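**Q** File protein-v3.txt below, compact mmCIF, C-alpha atoms:
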# COMPACT_ATOMS: atom_id res chain seq x y z
CA ALA V 1 -12.81 16.82 9.18
CA ARG V 2 -14.89 14.21 7.44
CA GLY V 3 -13.13 11.68 5.25
CA ARG V 4 -9.69 12.44 6.66
CA ALA V 5 -7.35 10.54 8.97
CA ARG V 6 -7.75 11.31 12.66
CA ARG V 7 -4.99 10.72 15.17
CA ALA V 8 -6.45 9.25 18.35
CA GLU V 9 -5.55 11.17 21.48
CA ALA V 10 -8.59 10.66 23.71
CA THR V 11 -10.04 7.73 25.66
CA ALA V 12 -12.96 5.68 24.47
CA ALA V 13 -16.15 6.48 26.31
CA ALA V 14 -18.22 3.32 26.26
CA SER V 15 -17.48 0.34 28.49
CA SER V 16 -19.18 -2.30 26.34
CA TYR V 17 -19.43 -2.67 22.61
CA ASP V 18 -21.92 -5.50 22.33
CA GLY V 19 -23.37 -5.71 18.85
CA LYS V 20 -20.41 -3.96 17.22
CA THR V 21 -18.41 -5.86 14.61
CA VAL V 22 -14.70 -5.35 13.93
CA VAL V 23 -12.87 -7.00 11.04
CA CYS V 24 -9.19 -7.81 11.67
CA THR V 25 -7.18 -8.17 8.48
CA ARG V 26 -3.60 -9.10 9.36
CA GLU V 27 -2.07 -12.40 8.29
CA ARG V 28 -3.82 -15.47 9.68
CA GLY V 29 -2.83 -16.10 13.28
CA LYS V 30 -1.56 -12.56 13.89
CA ASN V 31 -4.85 -10.96 14.91
CA GLY V 32 -5.19 -12.67 18.28
CA ALA V 33 -3.78 -10.00 20.56
CA LEU V 34 -5.95 -7.25 19.08
CA MET V 35 -9.03 -9.46 18.97
CA ASN V 36 -8.62 -10.40 22.63
CA LEU V 37 -8.53 -6.76 23.71
CA LEU V 38 -11.58 -5.92 21.62
CA ALA V 39 -13.58 -8.97 22.69
CA ALA V 40 -12.92 -8.15 26.35
CA ARG V 41 -15.06 -5.04 25.87
CA GLY V 42 -17.84 -6.88 24.04
CA ALA V 43 -16.91 -6.30 20.40
CA ARG V 44 -17.55 -9.10 17.95
CA CYS V 45 -14.30 -9.77 16.10
CA VAL V 46 -14.00 -11.38 12.67
CA GLU V 47 -10.62 -12.52 11.38
CA LEU V 48 -10.39 -11.88 7.64
CA PRO V 49 -6.76 -12.07 6.51
CA LEU V 50 -6.23 -9.86 3.47
CA VAL V 51 -2.48 -10.43 3.19
CA GLU V 52 0.04 -13.22 3.65
CA ALA V 53 3.79 -13.28 4.08
CA VAL V 54 5.92 -14.87 1.36
CA PRO V 55 9.73 -15.28 1.22
CA GLY V 56 11.70 -12.39 -0.26
CA GLU V 57 14.56 -12.62 -2.73
CA ASP V 58 17.17 -12.41 0.05
CA ALA V 59 15.61 -15.01 2.38
CA ALA V 60 17.91 -17.84 1.27
CA THR V 61 21.13 -15.87 1.86
CA PHE V 62 20.02 -14.33 5.17
CA PRO V 63 21.66 -16.99 7.43
CA ASP V 64 25.03 -16.69 5.70
CA VAL V 65 24.96 -12.89 5.84
CA LEU V 66 24.01 -12.97 9.52
CA LYS V 67 26.99 -15.09 10.56
CA ARG V 68 29.49 -13.58 8.09
CA GLU V 69 29.99 -10.25 9.90
CA SER V 70 30.13 -8.96 13.45
CA TRP V 71 27.09 -6.74 13.22
CA ASP V 72 26.71 -3.90 15.68
CA TRP V 73 22.95 -4.22 15.40
CA VAL V 74 20.31 -6.25 13.63
CA CYS V 75 17.20 -4.09 13.21
CA VAL V 76 13.90 -5.97 13.38
CA THR V 77 10.86 -3.87 12.58
CA SER V 78 7.80 -6.13 12.71
CA PRO V 79 6.60 -9.41 14.24
CA GLU V 80 6.90 -11.07 10.82
CA ALA V 81 10.48 -9.78 10.49
CA ALA V 82 11.16 -11.22 13.96
CA LYS V 83 9.87 -14.62 12.85
CA VAL V 84 12.04 -14.55 9.71
CA PHE V 85 15.06 -13.44 11.75
CA LEU V 86 14.64 -16.27 14.25
CA GLU V 87 14.52 -18.83 11.43
CA ALA V 88 17.71 -17.39 9.92
CA TYR V 89 19.40 -17.24 13.33
CA GLU V 90 18.71 -20.94 13.86
CA ARG V 91 19.90 -21.88 10.35
CA ALA V 92 23.05 -19.82 10.85
CA GLY V 93 23.98 -21.93 13.88
CA ARG V 94 22.87 -19.41 16.50
CA PRO V 95 25.90 -17.10 16.20
CA SER V 96 26.98 -15.41 19.41
CA GLY V 97 27.06 -11.70 20.06
CA VAL V 98 24.01 -10.78 17.98
CA ARG V 99 22.38 -7.58 19.28
CA VAL V 100 18.86 -6.77 18.17
CA ALA V 101 17.04 -3.47 17.93
CA VAL V 102 13.26 -3.78 17.68
CA VAL V 103 10.78 -1.15 16.58
CA GLY V 104 8.29 -1.88 19.36
CA ALA V 105 7.32 -4.13 22.24
CA GLY V 106 5.20 -6.44 20.09
CA THR V 107 8.16 -7.29 17.91
CA GLY V 108 10.43 -7.61 20.93
CA LYS V 109 8.09 -10.09 22.60
CA VAL V 110 8.29 -12.43 19.61
CA LEU V 111 12.08 -12.58 20.01
CA ALA V 112 12.04 -12.83 23.80
CA LYS V 113 9.47 -15.63 23.77
CA ALA V 114 11.58 -17.70 21.37
CA GLU V 115 14.95 -16.89 22.96
CA PRO V 116 14.28 -15.70 26.53
CA THR V 117 17.96 -15.50 27.44
CA THR V 118 19.71 -14.36 24.27
CA PHE V 119 17.04 -11.87 23.21
CA ALA V 120 15.47 -10.94 26.54
CA MET V 121 13.50 -7.70 26.48
CA ASP V 122 16.11 -5.93 28.61
CA LYS V 123 18.83 -6.84 26.09
CA GLN V 124 16.99 -5.29 23.16
CA PHE V 125 17.08 -1.69 22.03
CA THR V 126 13.61 -0.21 21.63
CA PRO V 127 13.05 3.41 20.51
CA SER V 128 10.81 5.79 22.44
CA LYS V 129 8.22 5.63 19.66
CA ALA V 130 7.52 2.60 17.51
CA THR V 131 8.43 4.11 14.15
CA ALA V 132 11.32 3.62 11.76
CA ALA V 133 12.14 7.33 11.90
CA THR V 134 12.47 7.28 15.68
CA MET V 135 14.58 4.14 15.60
CA ALA V 136 16.87 5.73 13.02
CA ALA V 137 17.32 8.79 15.22
CA GLU V 138 17.77 7.00 18.56
CA LEU V 139 19.64 3.76 17.82
CA PRO V 140 23.05 3.86 19.56
CA CYS V 141 25.44 3.93 16.62
CA ASP V 142 28.10 6.13 15.12
CA GLN V 143 30.27 6.61 12.07
CA GLY V 144 31.19 3.19 10.75
CA SER V 145 28.64 1.14 12.70
CA LEU V 146 27.66 -1.98 10.78
CA ILE V 147 23.93 -2.64 10.80
CA LEU V 148 21.93 -5.47 9.27
CA TYR V 149 18.36 -4.64 8.32
CA PRO V 150 16.24 -7.69 7.32
CA ALA V 151 13.14 -6.03 5.95
CA SER V 152 9.96 -6.50 4.04
CA LYS V 153 10.43 -5.95 0.33
CA LYS V 154 7.72 -3.30 0.55
CA ALA V 155 9.14 -1.44 3.54
CA ALA V 156 10.08 2.19 2.96
CA THR V 157 13.72 3.26 3.14
CA THR V 158 13.14 5.47 6.18
CA LEU V 159 15.24 3.41 8.57
CA GLN V 160 18.23 2.77 6.35
CA ASP V 161 18.27 6.36 5.07
CA GLY V 162 18.22 7.74 8.60
CA LEU V 163 20.98 5.46 9.83
CA GLU V 164 23.16 6.08 6.79
CA ALA V 165 22.74 9.82 7.30
CA ARG V 166 24.30 9.32 10.74
CA GLY V 167 27.30 7.56 9.19
CA ALA V 168 26.34 3.93 9.71
CA THR V 169 26.76 1.26 7.06
CA VAL V 170 23.43 -0.47 6.52
CA VAL V 171 22.99 -3.77 4.70
CA ARG V 172 19.35 -4.26 3.81
CA LEU V 173 18.00 -7.69 2.94
CA ASN V 174 14.52 -8.09 1.53
CA THR V 175 13.73 -11.26 3.45
CA TYR V 176 9.97 -11.38 3.00
CA SER V 177 7.08 -9.61 1.36
CA THR V 178 3.47 -9.07 2.37
CA GLU V 179 1.20 -9.92 -0.53
CA ARG V 180 -2.53 -9.84 -1.09
CA VAL V 181 -4.36 -13.14 -0.62
CA GLU V 182 -5.64 -14.61 -3.88
CA ARG V 183 -9.34 -14.49 -3.10
CA LEU V 184 -12.02 -14.18 -0.42
CA SER V 185 -15.35 -15.92 -0.33
CA PRO V 186 -18.28 -13.74 -1.45
CA GLU V 187 -19.95 -14.40 1.90
CA ASP V 188 -16.95 -13.12 3.86
CA VAL V 189 -16.71 -10.00 1.68
CA ALA V 190 -20.43 -9.26 2.05
CA ALA V 191 -20.16 -9.49 5.83
CA ALA V 192 -16.96 -7.43 6.00
CA VAL V 193 -18.34 -4.41 4.14
CA ARG V 194 -21.17 -4.25 6.71
CA ALA V 195 -18.81 -4.17 9.69
CA ASP V 196 -18.58 -1.18 12.00
CA VAL V 197 -14.78 -1.06 11.84
CA VAL V 198 -12.09 -2.61 9.64
CA THR V 199 -8.53 -2.66 10.98
CA PHE V 200 -5.35 -2.46 8.93
CA GLY V 201 -1.87 -3.46 10.07
CA SER V 202 -0.02 -2.48 6.89
CA PRO V 203 -0.39 -0.47 3.69
CA SER V 204 -0.57 -3.80 1.83
CA ALA V 205 -3.75 -4.67 3.73
CA VAL V 206 -5.29 -1.32 2.79
CA ARG V 207 -4.66 -1.91 -0.89
CA ALA V 208 -5.92 -5.49 -0.61
CA TRP V 209 -9.17 -4.23 0.96
CA VAL V 210 -9.83 -1.93 -1.96
CA GLU V 211 -8.92 -4.58 -4.53
CA LEU V 212 -10.83 -7.47 -2.93
CA CYS V 213 -13.77 -5.69 -1.31
CA GLY V 214 -14.14 -2.48 -3.34
CA ASP V 215 -16.79 -3.83 -5.71
CA ALA V 216 -18.99 -5.16 -2.91
CA LEU V 217 -18.59 -1.95 -0.95
CA TYR V 218 -19.55 0.14 -3.95
CA GLU V 219 -22.63 -1.97 -4.59
CA ARG V 220 -23.72 -1.67 -0.96
CA LEU V 221 -23.33 2.11 -0.91
CA THR V 222 -25.15 2.64 -4.17
CA ALA V 223 -27.99 0.23 -3.31
CA ASP V 224 -28.76 1.80 0.08
CA ALA V 225 -28.60 5.56 0.52
CA ARG V 226 -28.40 5.11 4.29
CA ALA V 227 -25.43 2.73 4.17
CA LEU V 228 -22.04 3.83 5.48
CA GLN V 229 -18.58 2.50 4.94
CA PRO V 230 -16.90 0.97 7.97
CA ALA V 231 -14.60 3.22 9.91
CA TYR V 232 -10.99 2.28 9.22
CA VAL V 233 -8.54 1.96 12.11
CA CYS V 234 -4.84 1.60 11.30
CA ILE V 235 -2.00 0.42 13.50
CA GLY V 236 0.01 3.53 12.61
CA GLU V 237 0.40 6.56 10.41
CA THR V 238 1.91 4.74 7.42
CA SER V 239 -1.19 2.61 6.96
CA ALA V 240 -3.38 5.67 7.51
CA GLU V 241 -1.54 7.42 4.68
CA ALA V 242 -2.29 4.43 2.46
CA CYS V 243 -5.98 4.85 3.33
CA ALA V 244 -5.78 8.49 2.33
CA ASN V 245 -4.14 7.52 -0.97
CA CYS V 246 -7.05 5.15 -1.61
CA GLU V 247 -9.53 7.89 -0.62
CA LEU V 248 -11.04 5.88 2.23
CA PRO V 249 -13.02 8.01 4.72
CA ASP V 250 -13.21 7.95 8.52
CA VAL V 251 -9.64 6.79 9.11
CA PHE V 252 -8.15 6.62 12.60
CA TYR V 253 -4.72 5.74 13.94
CA PRO V 254 -3.14 5.89 17.43
CA GLU V 255 -0.69 8.56 18.53
CA LEU V 256 1.72 5.82 19.61
CA PRO V 257 1.78 2.61 17.54
CA GLY V 258 1.16 -0.61 19.45
CA ILE V 259 -1.58 -3.15 20.08
CA GLU V 260 -3.05 -1.42 23.15
CA GLY V 261 -3.25 1.96 21.45
CA TRP V 262 -4.65 0.32 18.33
CA ALA V 263 -7.43 -1.31 20.34
CA GLU V 264 -8.27 1.91 22.13
CA THR V 265 -8.47 3.67 18.78
CA VAL V 266 -10.95 1.06 17.56
CA PHE V 267 -13.16 1.93 20.52
CA LEU V 268 -12.87 5.62 19.71
CA ALA V 269 -14.00 4.90 16.16
CA LEU V 270 -16.94 2.87 17.46
CA ASP V 271 -17.91 5.82 19.67
CA MET V 272 -18.04 8.23 16.73
CA PRO V 273 -21.59 9.59 16.28
CA VAL V 274 -23.28 8.60 13.04
CA ASP V 275 -23.81 12.26 12.21
CA ASP V 276 -20.04 12.71 12.09
CA ARG V 277 -19.55 9.87 9.62
CA TRP V 278 -18.87 10.49 5.95
CA ASP V 279 -21.88 9.23 3.99
CA GLY V 280 -20.42 8.26 0.62
CA VAL V 281 -17.37 7.50 -1.46
CA ASP V 282 -16.62 7.08 -5.13
CA LEU V 283 -15.00 3.68 -5.63
CA THR V 284 -15.69 3.48 -9.35
CA ARG V 285 -12.05 3.77 -10.31
CA TYR V 286 -11.25 0.65 -8.27
CA ARG V 287 -13.82 -1.53 -9.98
CA ALA V 288 -12.56 -4.32 -12.19
Using structure tokens, write down the structure from this file.

**A**
Amino acid sequence: ARGRARRAEATAAASSYDGKTVVCTRERGKNGALMNLLAARGARCVELPLVEAVPGEDAATFPDVLKRESWDWVCVTSPEAAKVFLEAYERAGRPSGVRVAVVGAGTGKVLAKAEPTTFAMDKQFTPSKATAATMAAELPCDQGSLILYPASKKAATTLQDGLEARGATVVRLNTYSTERVERLSPEDVAAAVRADVVTFGSPSAVRAWVELCGDALYERLTADARALQPAYVCIGETSAEACANCELPDVFYPELPGIEGWAETVFLALDMPVDDRWDGVDLTRYRA
């Protein structure tokens, strides 16, 4: 249906996407893997960070908490959380016996690259699907297991709620937060709203897009009756739900979260016939 999120389950048809522009909006320096996959098929990629990571209220105490207890698991649910964990692990004196559970391979690779012996991929627990709900259901734990969850301040409570329902004791630390960047140049915004696809790696990026680019997008759509919004391709269902809450049309997300599936979903969005695109949106309520 037009204007609704579509879960990608097929394979992109075209082999080259020359002339197509994709905007990648994760924090600066974190778009490389996706951009490489897209560029390999001819897409023109533009890095436009809409969000940035800032320390959370529990960042300072994280090292002490990490070394204070013998945790059964430390749950790490994003590449940024992996980076924050590694910094705390070093500051804590590299305590022994730390076992990590990661939400997906991308997060696991950050840990394994930094600590190839201690946090090798085969020493990590990874759920069958890269979601907090699946991790909560599949993590090897039982009544009384002690689990440390260093999270984004904005992360939902899905993981801790699921683990606590199984009898585990979960200590959540809000170690970082993903916040909107202060501003974008008018030139970057004007180019972004003309892109074929915009990608989102978090709900925060979705909201930042509307707040930072909504005015320019509205002006483009009202000035040209033939203009279309970009298609929006999310890394997973949570970001797609944020798009729906912001009433963005033509939203796609992969069946299985991950960089490869994300890239393939971008190609599917680029293959979508123009006649199937939604040809308008009311952004007036987002205008300043």

**Q** When you count only C-alpha atoms, which of these residues is closest to Lys153 (chain V): V:Leu173, V:Ala208, V:Thr222, V:Gly104?

**A**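 Smallest distance to Lys153 (chain V) is found for V:Leu173.
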
**Q** Between V:Cys45, V:Val100, V:Ala60, V:Leu217, which is the closest to Glu115 (chain V) once you count all atoms listed in the file?

**A**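 Closest to Glu115 (chain V) of all the choices is V:Val100.
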
**Q** Once 4 Å is added on each side, what are the centre and the three edge lengths, in Å to one decimal, of the axis-aligned box enclosing the listed atoms of region 202-214 of chain V? Present them as lines of an AutoDock Vina configuration file.

**A**
center_x = -7.1
center_y = -4.0
center_z = 1.2
size_x = 22.1
size_y = 15.0
size_z = 19.4

**Q** Using only C-alpha atoms, tabulate the residues of region 37-106 of chain V lying at most 10 Å from any atom of region 186-194 of chain V, each with its closest atom pair and that distance in Å to one decimal, by chain and increasing residue number, as a tab-separated table.

**A**
residue	atom	partner	partner_atom	distance
V:Val46	CA	V:Ala192	CA	8.3
V:Glu47	CA	V:Ala192	CA	9.7
V:Leu48	CA	V:Asp188	CA	7.7

**Q** Could you state the separation of CA of Ala231 (chain V) and CA of Leu38 (chain V) in Å, given to one decimal place?

**A**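 Going from CA of Ala231 (chain V) over to CA of Leu38 (chain V), I get 15.2 Å.
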
**Q** Could you make a table, as a Markdown table, of the residues of region 151-234 of chain V that have an atom within 10 Å of an atom of region 246-263 of chain V, each with its nearest atom pair and distance in Å to one decimal, counting all atoms listed in the file, in chain and number order?

**A**
| residue | atom | partner | partner_atom | distance |
| --- | --- | --- | --- | --- |
| V:Val197 | CA | V:Asp250 | CA | 9.7 |
| V:Val198 | CA | V:Val251 | CA | 9.7 |
| V:Thr199 | CA | V:Trp262 | CA | 8.8 |
| V:Phe200 | CA | V:Tyr253 | CA | 9.6 |
| V:Gly201 | CA | V:Trp262 | CA | 9.5 |
| V:Val206 | CA | V:Cys246 | CA | 8.0 |
| V:Arg207 | CA | V:Cys246 | CA | 7.5 |
| V:Trp209 | CA | V:Cys246 | CA | 10.0 |
| V:Val210 | CA | V:Cys246 | CA | 7.6 |
| V:Leu228 | CA | V:Pro249 | CA | 10.0 |
| V:Gln229 | CA | V:Pro249 | CA | 7.8 |
| V:Pro230 | CA | V:Asp250 | CA | 7.9 |
| V:Ala231 | CA | V:Asp250 | CA | 5.1 |
| V:Tyr232 | CA | V:Val251 | CA | 4.7 |
| V:Val233 | CA | V:Phe252 | CA | 4.7 |
| V:Cys234 | CA | V:Tyr253 | CA | 4.9 |

**Q** For Leu270 (chain V), which residue out of V:Ala225, V:Ala43, V:Val98, V:Leu111 is the nearest one, using all atoms listed in the file?

**A**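 The closest residue to Leu270 (chain V) is V:Ala43.
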
**Q** Could you tell me how far CA of Pro63 (chain V) sits from CA of Tyr89 (chain V), in Å to one decimal place?

**A**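 Taking CA of Tyr89 (chain V) and CA of Pro63 (chain V), their separation equals 6.3 Å.
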
**Q** Can you work out which one of V:Thr117, V:Ser145, V:Thr178, V:Ser152 has the shortest atom-to-atom distance to Arg166 (chain V), counting all atoms listed in the file?

**A**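 Of V:Thr117, V:Ser145, V:Thr178, V:Ser152, the one nearest Arg166 (chain V), counting all atoms listed in the file, is V:Ser145.
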
**Q** Go ahead and compute the interatomic distance for CA of Arg277 (chain V) and CA of Pro49 (chain V), in Å to one decimal.

**A**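 One can read the CA of Arg277 (chain V) to CA of Pro49 (chain V) distance as 25.6 Å.
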
**Q** Go through V:Ala39, V:Ala82, V:Ala120, V:Ala92 one by one, measure the shortest atom-to-atom distance of each to Asp64 (chain V) using all atoms listed in the file, and give the residue with the smallest value.

**A**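 So, comparing all the options, the nearest one is V:Ala92.
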
**Q** Can you patch up region 73-87 of chain V, filling it in to N, CA and C atoms, and show the result as a PDB file, in the frame of the given file?

**A**
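Dumped everything to out_36.pdb:
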ATOM      1  N   TRP V  73      24.375  -4.047  15.122  1.00  0.00           N
ATOM      2  CA  TRP V  73      22.950  -4.220  15.400  1.00  0.00           C
ATOM      3  C   TRP V  73      22.286  -4.978  14.264  1.00  0.00           C
ATOM      4  N   VAL V  74      21.261  -5.741  14.616  1.00  0.00           N
ATOM      5  CA  VAL V  74      20.310  -6.250  13.630  1.00  0.00           C
ATOM      6  C   VAL V  74      18.978  -5.587  13.943  1.00  0.00           C
ATOM      7  N   CYS V  75      18.439  -4.844  12.997  1.00  0.00           N
ATOM      8  CA  CYS V  75      17.200  -4.090  13.210  1.00  0.00           C
ATOM      9  C   CYS V  75      16.007  -4.912  12.739  1.00  0.00           C
ATOM     10  N   VAL V  76      15.076  -5.140  13.650  1.00  0.00           N
ATOM     11  CA  VAL V  76      13.900  -5.970  13.380  1.00  0.00           C
ATOM     12  C   VAL V  76      12.668  -5.093  13.591  1.00  0.00           C
ATOM     13  N   THR V  77      11.874  -4.935  12.541  1.00  0.00           N
ATOM     14  CA  THR V  77      10.860  -3.870  12.580  1.00  0.00           C
ATOM     15  C   THR V  77       9.419  -4.346  12.495  1.00  0.00           C
ATOM     16  N   SER V  78       9.173  -5.644  12.674  1.00  0.00           N
ATOM     17  CA  SER V  78       7.800  -6.130  12.710  1.00  0.00           C
ATOM     18  C   SER V  78       7.802  -7.540  13.284  1.00  0.00           C
ATOM     19  N   PRO V  79       6.661  -8.022  13.776  1.00  0.00           N
ATOM     20  CA  PRO V  79       6.600  -9.410  14.240  1.00  0.00           C
ATOM     21  C   PRO V  79       6.960 -10.419  13.149  1.00  0.00           C
ATOM     22  N   GLU V  80       6.548 -10.149  11.910  1.00  0.00           N
ATOM     23  CA  GLU V  80       6.900 -11.070  10.820  1.00  0.00           C
ATOM     24  C   GLU V  80       8.406 -11.045  10.580  1.00  0.00           C
ATOM     25  N   ALA V  81       9.026  -9.861  10.627  1.00  0.00           N
ATOM     26  CA  ALA V  81      10.480  -9.780  10.490  1.00  0.00           C
ATOM     27  C   ALA V  81      11.178 -10.520  11.619  1.00  0.00           C
ATOM     28  N   ALA V  82      10.594 -10.483  12.829  1.00  0.00           N
ATOM     29  CA  ALA V  82      11.160 -11.220  13.960  1.00  0.00           C
ATOM     30  C   ALA V  82      11.110 -12.722  13.704  1.00  0.00           C
ATOM     31  N   LYS V  83      10.000 -13.203  13.164  1.00  0.00           N
ATOM     32  CA  LYS V  83       9.870 -14.620  12.850  1.00  0.00           C
ATOM     33  C   LYS V  83      10.913 -15.038  11.812  1.00  0.00           C
ATOM     34  N   VAL V  84      11.064 -14.232  10.763  1.00  0.00           N
ATOM     35  CA  VAL V  84      12.040 -14.550   9.710  1.00  0.00           C
ATOM     36  C   VAL V  84      13.454 -14.510  10.281  1.00  0.00           C
ATOM     37  N   PHE V  85      13.739 -13.533  11.128  1.00  0.00           N
ATOM     38  CA  PHE V  85      15.060 -13.440  11.750  1.00  0.00           C
ATOM     39  C   PHE V  85      15.365 -14.673  12.595  1.00  0.00           C
ATOM     40  N   LEU V  86      14.410 -15.108  13.389  1.00  0.00           N
ATOM     41  CA  LEU V  86      14.640 -16.270  14.250  1.00  0.00           C
ATOM     42  C   LEU V  86      14.930 -17.521  13.430  1.00  0.00           C
ATOM     43  N   GLU V  87      14.252 -17.683  12.312  1.00  0.00           N
ATOM     44  CA  GLU V  87      14.520 -18.830  11.430  1.00  0.00           C
ATOM     45  C   GLU V  87      15.937 -18.751  10.867  1.00  0.00           C
TER      46      GLU V  87
END
